[in-house]
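A.B. asks: I'd like to ask you about the structure that follows.
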Amino acid sequence: MCSRTVIIGMDEPYVQGILQRAFGKYSPLIKVQSADDNANDLSDLLMHWREYETIDWTSVHRSSTIFSNAYCFRKGLIRKAQMAFNIKMYTAKHPTSILCTHVPETWIFELDDVEYLDEALMECFEVEQGMQANTG
C-alpha cells in the first residue's frame with residue numbers, strides 16, 4: 001500500500017491541530033507532515049494545506065497529482081470590506097450608477113474579540129433587522 005504525504009502549515013495552532021488529527025485518521029494511507037519539517041523527497045506529496053503565501057506553487061503547478069488548499073478567509077473578508085467601502089464612496093458621488101442596484105448592501109464592523117460578536121451585531125441595527133427577517 002502506497003502512502004502519500006500531506007504538508008500542513010497553518011499560522012493558527014488550533015486549526016493546525018484539527019487538520020493534523022483529521023488527516024491522521026487516514027494513517028497509514030496518508031502521512032501528515034508539518035510545514036516546519038525539512039522535506040527533501042516530495043515524490044509522494046499529495047497536498048499542501050497552508051497559508052496562501054507559503055504554498056509551494058511551483059510544485060503544485062508542475063504536477064497533475066498535487067492538490068493545494070489555502071486558508072485565506074480573513075484576507076478575503078478584508079478585501080471585501082475594502083471593496084464595499086469604495087463602492088459606498090463611489091455610489092454616494094454617483095447615485096445613478098448601476099452599482100447602486102446591483103451590489104448587495106454590506107455592513108462593516110470591527111471586533112476586538114469573538115466574545116463581543118453578539119454585542120456588535122446588536123449595535124448594527126440593519127444586521128439585527130435582517131437576521132430577524134430571516135428567522136421568520
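Letters for chains follow the order of the C-alpha cells (A, B, ...), residue numbers begin at 1 for each chain, and ligand numbers begin at 1 in the order shown.
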Any chance you could list, as a ChimeraX atom specification, the residues in chain A that come up strand (DSSP E) when DSSP is run on the backbone?
C.D. replies: /A:4-9,30-34,45-50,67-70
A.B. asks: Excluding stretch 123-136 of chain A and its own-chain neighbours fewer than 2 positions away, which residues fall within 12 Å of it when counting only C-alpha atoms? Please give them as a ChimeraX atom specification.
C.D. replies: /A:105-111,116-121
A.B. asks: From the options A:Pro28, A:Ile18, A:Ser59, A:Arg4, which residue's atoms come nearest to A:Leu45, counting only C-alpha atoms?
C.D. replies: A:Arg4
A.B. asks: What's the separation between atom CA of A:Gln82 and atom CA of A:Ser97, in Å to one decimal place?
C.D. replies: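 We find that atom CA of A:Gln82 and atom CA of A:Ser97 lie 18.7 Å from each other.
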A.B. asks: List the neighbours of A:Val6 out to 6 Å using only C-alpha atoms; skip same-chain residues closer than 3 positions along the sequence, and give me the result as a PyMOL selection string.
C.D. replies: chain A and resi 32+46-47
A.B. asks: Could you save the residues just selected, with N, CA, C and O atoms, as a CSV table (one decimal), in the first residue's frame?
C.D. replies:
chain,number,residue,atom,x,y,z
A,32,VAL,N,1.1,12.7,7.6
A,32,VAL,CA,1.0,14.1,7.8
A,32,VAL,C,2.3,14.7,8.2
A,32,VAL,O,3.0,14.1,9.1
A,46,LEU,N,0.9,14.6,-1.8
A,46,LEU,CA,-0.4,14.6,-2.2
A,46,LEU,C,-1.0,16.0,-2.2
A,46,LEU,O,-1.7,16.5,-3.1
A,47,MET,N,-0.7,16.8,-1.1
A,47,MET,CA,-1.4,18.0,-0.9
A,47,MET,C,-0.6,19.0,0.0
A,47,MET,O,0.1,18.6,0.9
A.B. asks: Using only C-alpha atoms, which of A:Phe23, A:Trp49, A:His94, A:Glu115 sits nearest A:Ile66?
C.D. replies: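 Of A:Phe23, A:Trp49, A:His94, A:Glu115, the one nearest A:Ile66, counting only C-alpha atoms, is A:Trp49.
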A.B. asks: For A:Ile8, which residue out of A:Ile78, A:Ile98, A:Ala84, A:Ile55 is the nearest one, using only C-alpha atoms?
C.D. replies: A:Ile55
A.B. asks: Atom CA of A:Ser64 to atom CA of A:Leu29: how many Å, to one decimal?
C.D. replies: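 That distance, rounded to one decimal, is 19.3 Å.
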A.B. asks: Could you give me the residues within stretch 24-131 of chain A that DSSP places in alpha helix (DSSP H), as JSON, numbers by chain?
C.D. replies: {"A": [24, 57, 58, 59, 60, 61, 62, 73, 74, 75, 76, 77, 78, 79, 80, 81, 82, 83, 84, 85, 86, 87, 88, 89, 90, 91, 92, 93, 99, 100, 101, 102, 117, 118, 119, 120, 121, 122, 123, 125, 126, 127, 128, 129, 130, 131]}
A.B. asks: Mind checking which residues fall within 12 Å of A:Asp56, counting only C-alpha atoms, ignoring those fewer than 2 positions away in the same chain, and posting them as a PyMOL selection string?
C.D. replies: chain A and resi 7-9+35+42+45+47-54+58-63+66-70
A.B. asks: Could you state the separation of atom CA of A:Asp11 and atom CA of A:Asp36 in Å, given to one decimal place?
C.D. replies: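 Between these atoms lies a distance of 11.1 Å.
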A.B. asks: Let me make sure I understand: among A:Asp44, A:Ser3, A:Tyr14, A:Thr91, which one has the smallest atom-to-atom distance to A:Tyr26 if we use only C-alpha atoms?
C.D. replies: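 Counting only C-alpha atoms, the residue closest to A:Tyr26 is A:Ser3.
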